[in-house]
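Visitor: After the structure tokens below, expect a handful of questions from me.
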Amino acid sequence: MEKLEHIGVAVKNIEQANKLFAALLGTEHYKIEEVASEGVRTSFFELSGVKIELLEATREDSPIAKFIEKRGEGIHHLAFEVKNIEEGIKEYQNKGFQLINPVPKKGADNKRICFLHPKSTQGVLIELCEEIKDAS
């Protein structure tokens with residue numbers, strides 16, 4: 001792992017959460033993005049090199065909707081940057097961590113992502129993320 005890339009926070013209403021976090025952090029969000037495959041709309045803030053990703057469900061069957069129904073709003077995951085996600089997946093599998101998705105998928109903010117199951121990480125959902133590099 002290179003660094004803490006972002007903290008994911010599950011919210012019911014992204015517009016209200018954007019106002020709250022703007023007041024809290026003293027800065028505005030820099031982008032809103034929908035990830036249709038995950039049934040989520042995201043909003044990003046950045047403070048001192050660490051991002052806060054707000055996550056709002058766009059479907060009732062999405063992982064975020066299920067999380068909020070079960071646990072309420074709050075911290076959803078910690079995301080750590082890796083240089084090579086395939087190598088990261090192999091490394092953590094070899095260390096005995098359980099993966100939710102052993103094949104990386106496209107996430108928000110120009111990232112390829114995979115998740116380590118909370119059952120193998122003391123109850124904390126961990127995301128591994130790699131910046132998608134331009135082919136140019």
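Residue numbers start at 1 in each chain; chains themselves are named A, B, ... in the order of the structure tokens; ligands are numbered from 1 in the order shown.
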So that I can see what lies close to Ala10 in chain A, please list as a PyMOL selection string the residues with an atom at most 12 Å from it, counting only C-alpha atoms and leaving out residues fewer than 2 positions away in the same chain.
Guide: chain A and resi 7-8+12-14+17+40-43+52-58+62-78
Visitor: DSSP on the backbone: which residues in range 2-121 of chain A end up as helix (DSSP H, G or I)? Give the answer as an MDAnalysis selection string.
Guide: chainID A and resid 14:25 36:38 63:71 85:94 118:120
Visitor: Rank nothing, just name the residue among A:Phe45, A:Glu131, A:Asp61, A:His6 nearest to Ala23 in chain A, using only C-alpha atoms.
Guide: A:Phe45
Visitor: Would you list, as a ChimeraX atom specification, the residues of range 27-97 of chain A that end up in strand (DSSP E or B) under DSSP run on this structure's backbone?
Guide: /A:31-35,40-47,50-57,74-81
Visitor: Write out, as a compact mmCIF listing (two decimals), in the first residue's frame, the residues just selected, with N, CA and C atoms.
Guide:
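Saved result, result.txt, follows:
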```
# COMPACT_ATOMS: atom_id res chain seq x y z
N LYS A 31 -15.93 17.23 -7.39
CA LYS A 31 -16.61 16.52 -8.46
C LYS A 31 -17.72 15.66 -7.90
N ILE A 32 -18.74 15.45 -8.72
CA ILE A 32 -19.80 14.48 -8.45
C ILE A 32 -19.78 13.53 -9.64
N GLU A 33 -19.88 12.23 -9.34
CA GLU A 33 -19.79 11.23 -10.39
C GLU A 33 -20.72 10.07 -10.06
N GLU A 34 -21.38 9.54 -11.07
CA GLU A 34 -22.20 8.36 -10.87
C GLU A 34 -21.45 7.13 -11.38
N VAL A 35 -21.51 6.06 -10.59
CA VAL A 35 -20.96 4.76 -11.01
C VAL A 35 -22.18 3.84 -11.10
N VAL A 40 -24.37 3.84 -7.38
CA VAL A 40 -23.93 4.85 -6.43
C VAL A 40 -23.60 6.16 -7.15
N ARG A 41 -23.85 7.25 -6.43
CA ARG A 41 -23.40 8.57 -6.86
C ARG A 41 -22.40 9.03 -5.82
N THR A 42 -21.27 9.56 -6.29
CA THR A 42 -20.19 9.94 -5.39
C THR A 42 -19.90 11.43 -5.49
N SER A 43 -19.39 11.96 -4.41
CA SER A 43 -18.93 13.34 -4.37
C SER A 43 -17.60 13.34 -3.62
N PHE A 44 -16.63 14.08 -4.16
CA PHE A 44 -15.28 14.05 -3.58
C PHE A 44 -14.87 15.41 -3.03
N PHE A 45 -14.27 15.35 -1.85
CA PHE A 45 -13.60 16.49 -1.22
C PHE A 45 -12.14 16.08 -1.06
N GLU A 46 -11.25 17.07 -1.01
CA GLU A 46 -9.84 16.78 -0.74
C GLU A 46 -9.33 17.75 0.31
N LEU A 47 -8.61 17.22 1.27
CA LEU A 47 -8.05 18.03 2.34
C LEU A 47 -6.68 17.45 2.70
N VAL A 50 -5.68 13.95 1.35
CA VAL A 50 -6.58 12.81 1.57
C VAL A 50 -7.97 13.21 1.10
N LYS A 51 -8.63 12.28 0.43
CA LYS A 51 -9.96 12.56 -0.10
C LYS A 51 -11.03 11.96 0.81
N ILE A 52 -12.17 12.62 0.81
CA ILE A 52 -13.38 12.11 1.43
C ILE A 52 -14.34 11.84 0.28
N GLU A 53 -14.81 10.60 0.17
CA GLU A 53 -15.76 10.22 -0.87
C GLU A 53 -17.12 10.00 -0.22
N LEU A 54 -18.08 10.86 -0.57
CA LEU A 54 -19.45 10.66 -0.11
C LEU A 54 -20.13 9.72 -1.09
N LEU A 55 -20.89 8.76 -0.58
CA LEU A 55 -21.52 7.73 -1.40
C LEU A 55 -23.03 7.72 -1.14
N GLU A 56 -23.81 7.97 -2.18
CA GLU A 56 -25.27 7.94 -2.09
C GLU A 56 -25.79 6.85 -3.02
N ALA A 57 -26.68 6.02 -2.52
CA ALA A 57 -27.25 4.94 -3.33
C ALA A 57 -28.17 5.52 -4.41
N GLY A 74 -22.56 6.73 7.67
CA GLY A 74 -21.27 6.78 8.36
C GLY A 74 -20.15 6.24 7.51
N ILE A 75 -19.01 6.02 8.15
CA ILE A 75 -17.83 5.54 7.42
C ILE A 75 -18.14 4.17 6.83
N HIS A 76 -17.90 4.07 5.53
CA HIS A 76 -18.18 2.84 4.78
C HIS A 76 -16.89 2.06 4.52
N HIS A 77 -15.83 2.76 4.09
CA HIS A 77 -14.58 2.05 3.79
C HIS A 77 -13.37 2.98 3.87
N LEU A 78 -12.21 2.35 3.96
CA LEU A 78 -10.92 3.03 3.83
C LEU A 78 -10.30 2.54 2.54
N ALA A 79 -9.82 3.46 1.72
CA ALA A 79 -9.22 3.10 0.43
C ALA A 79 -7.74 3.43 0.45
N PHE A 80 -6.95 2.44 0.01
CA PHE A 80 -5.51 2.60 -0.03
C PHE A 80 -5.03 2.48 -1.47
N GLU A 81 -4.16 3.39 -1.85
CA GLU A 81 -3.59 3.39 -3.20
C GLU A 81 -2.55 2.29 -3.32
```
Visitor: Any idea what the distance is between CA of Gln98 in chain A and CA of Lys119 in chain A?
Guide: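 Rounded to one decimal, the two atoms are 7.6 Å apart.
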Visitor: Show me, as an mmCIF file with N, CA and C atoms, in the first residue's frame, the residues that have an atom within 12 Å of Leu99 in chain A when counting only C-alpha atoms, minus same-chain residues fewer than 3 positions from it.
Guide:
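Result file result30.cif:
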```cif
data_model
loop_
_atom_site.group_PDB
_atom_site.id
_atom_site.type_symbol
_atom_site.label_atom_id
_atom_site.label_comp_id
_atom_site.auth_asym_id
_atom_site.auth_seq_id
_atom_site.Cartn_x
_atom_site.Cartn_y
_atom_site.Cartn_z
ATOM 1 N N GLY A 88 -1.344 -6.240 -6.042
ATOM 2 C CA GLY A 88 -1.938 -6.036 -4.716
ATOM 3 C C GLY A 88 -2.925 -7.137 -4.374
ATOM 4 N N ILE A 89 -3.748 -7.511 -5.340
ATOM 5 C CA ILE A 89 -4.715 -8.595 -5.132
ATOM 6 C C ILE A 89 -3.984 -9.893 -4.786
ATOM 7 N N LYS A 90 -2.967 -10.231 -5.563
ATOM 8 C CA LYS A 90 -2.196 -11.459 -5.298
ATOM 9 C C LYS A 90 -1.543 -11.414 -3.915
ATOM 10 N N GLU A 91 -0.957 -10.262 -3.591
ATOM 11 C CA GLU A 91 -0.271 -10.119 -2.305
ATOM 12 C C GLU A 91 -1.230 -10.363 -1.142
ATOM 13 N N TYR A 92 -2.393 -9.732 -1.181
ATOM 14 C CA TYR A 92 -3.322 -9.859 -0.057
ATOM 15 C C TYR A 92 -4.010 -11.219 -0.033
ATOM 16 N N GLN A 93 -4.230 -11.829 -1.191
ATOM 17 C CA GLN A 93 -4.729 -13.209 -1.214
ATOM 18 C C GLN A 93 -3.700 -14.143 -0.579
ATOM 19 N N ASN A 94 -2.440 -13.965 -0.946
ATOM 20 C CA ASN A 94 -1.369 -14.803 -0.393
ATOM 21 C C ASN A 94 -1.203 -14.615 1.114
ATOM 22 N N LYS A 95 -1.574 -13.446 1.622
ATOM 23 C CA LYS A 95 -1.513 -13.181 3.066
ATOM 24 C C LYS A 95 -2.753 -13.705 3.784
ATOM 25 N N GLY A 96 -3.702 -14.266 3.027
ATOM 26 C CA GLY A 96 -4.881 -14.864 3.648
ATOM 27 C C GLY A 96 -6.095 -13.957 3.742
ATOM 28 N N PRO A 102 -12.176 -10.505 -6.693
ATOM 29 C CA PRO A 102 -10.784 -10.810 -7.023
ATOM 30 C C PRO A 102 -10.346 -10.281 -8.389
ATOM 31 N N VAL A 103 -11.290 -9.737 -9.158
ATOM 32 C CA VAL A 103 -10.962 -9.108 -10.435
ATOM 33 C C VAL A 103 -11.255 -7.615 -10.280
ATOM 34 N N PRO A 104 -10.272 -6.738 -10.568
ATOM 35 C CA PRO A 104 -10.505 -5.304 -10.408
ATOM 36 C C PRO A 104 -11.646 -4.818 -11.298
ATOM 37 N N ILE A 113 -10.550 -0.707 -8.897
ATOM 38 C CA ILE A 113 -10.698 -1.005 -7.475
ATOM 39 C C ILE A 113 -10.980 -2.482 -7.219
ATOM 40 N N CYS A 114 -10.697 -2.900 -6.002
ATOM 41 C CA CYS A 114 -11.164 -4.175 -5.467
ATOM 42 C C CYS A 114 -11.278 -4.003 -3.956
ATOM 43 N N PHE A 115 -12.054 -4.874 -3.340
ATOM 44 C CA PHE A 115 -12.311 -4.757 -1.904
ATOM 45 C C PHE A 115 -11.880 -6.010 -1.160
ATOM 46 N N LEU A 116 -11.318 -5.792 0.033
ATOM 47 C CA LEU A 116 -11.023 -6.875 0.963
ATOM 48 C C LEU A 116 -12.229 -6.998 1.889
ATOM 49 N N HIS A 117 -12.678 -8.228 2.114
ATOM 50 C CA HIS A 117 -13.878 -8.458 2.915
ATOM 51 C C HIS A 117 -13.639 -8.077 4.373
ATOM 52 N N PRO A 118 -14.597 -7.378 4.980
ATOM 53 C CA PRO A 118 -14.438 -6.973 6.388
ATOM 54 C C PRO A 118 -14.249 -8.155 7.349
ATOM 55 N N LYS A 119 -14.724 -9.343 6.975
ATOM 56 C CA LYS A 119 -14.541 -10.507 7.844
ATOM 57 C C LYS A 119 -13.067 -10.830 8.036
ATOM 58 N N SER A 120 -12.225 -10.399 7.090
ATOM 59 C CA SER A 120 -10.791 -10.694 7.207
ATOM 60 C C SER A 120 -9.969 -9.466 7.610
ATOM 61 N N THR A 121 -10.650 -8.339 7.904
ATOM 62 C CA THR A 121 -9.934 -7.099 8.245
ATOM 63 C C THR A 121 -10.522 -6.419 9.485
ATOM 64 N N LEU A 125 -14.148 -2.488 5.929
ATOM 65 C CA LEU A 125 -14.089 -2.700 4.487
ATOM 66 C C LEU A 125 -12.894 -1.924 3.945
ATOM 67 N N ILE A 126 -11.990 -2.624 3.279
ATOM 68 C CA ILE A 126 -10.778 -2.011 2.722
ATOM 69 C C ILE A 126 -10.865 -2.065 1.205
ATOM 70 N N GLU A 127 -10.627 -0.927 0.599
ATOM 71 C CA GLU A 127 -10.570 -0.837 -0.862
ATOM 72 C C GLU A 127 -9.123 -0.665 -1.284
ATOM 73 N N LEU A 128 -8.715 -1.407 -2.288
ATOM 74 C CA LEU A 128 -7.435 -1.168 -2.954
ATOM 75 C C LEU A 128 -7.765 -0.422 -4.229
#
```
Visitor: Could you list, as a PDB file with C-alpha atoms, in the first residue's frame, every residue within 10 Å of Lys133 in chain A, counting only C-alpha atoms and ignoring same-chain residues fewer than 3 positions away?
Guide:
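Output saved as part-v7.pdb:
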```pdb
ATOM      1  CA  ASN A 110     -10.576   7.345 -12.510  1.00  0.00           C
ATOM      2  CA  LYS A 111      -9.664   4.299 -10.421  1.00  0.00           C
ATOM      3  CA  ARG A 112      -9.593   0.512 -10.769  1.00  0.00           C
ATOM      4  CA  GLU A 130      -5.066   2.114  -8.674  1.00  0.00           C
ATOM      5  CA  SER A 136      -1.252   7.902 -24.583  1.00  0.00           C
TER       6      SER A 136
END
```
Visitor: Please measure the separation of CA of Gln16 in chain A and CA of Tyr30 in chain A, giving the value in Å to one decimal.
Guide: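 Interatomic distance, CA of Gln16 in chain A to CA of Tyr30 in chain A: 15.5 Å.
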Visitor: Using CA of Gly49 in chain A and CA of Lys105 in chain A as the two end points, give the distance in Å to one decimal.
Guide: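 CA of Lys105 in chain A lies 23.8 Å from CA of Gly49 in chain A.
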Visitor: Could you check the closest approach to Gly26 in chain A for each of A:Lys3, A:Ser48, A:Val82, A:Gly107 and tell me which residue wins, using only C-alpha atoms?
Guide: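 So, comparing all the options, the nearest one is A:Ser48.
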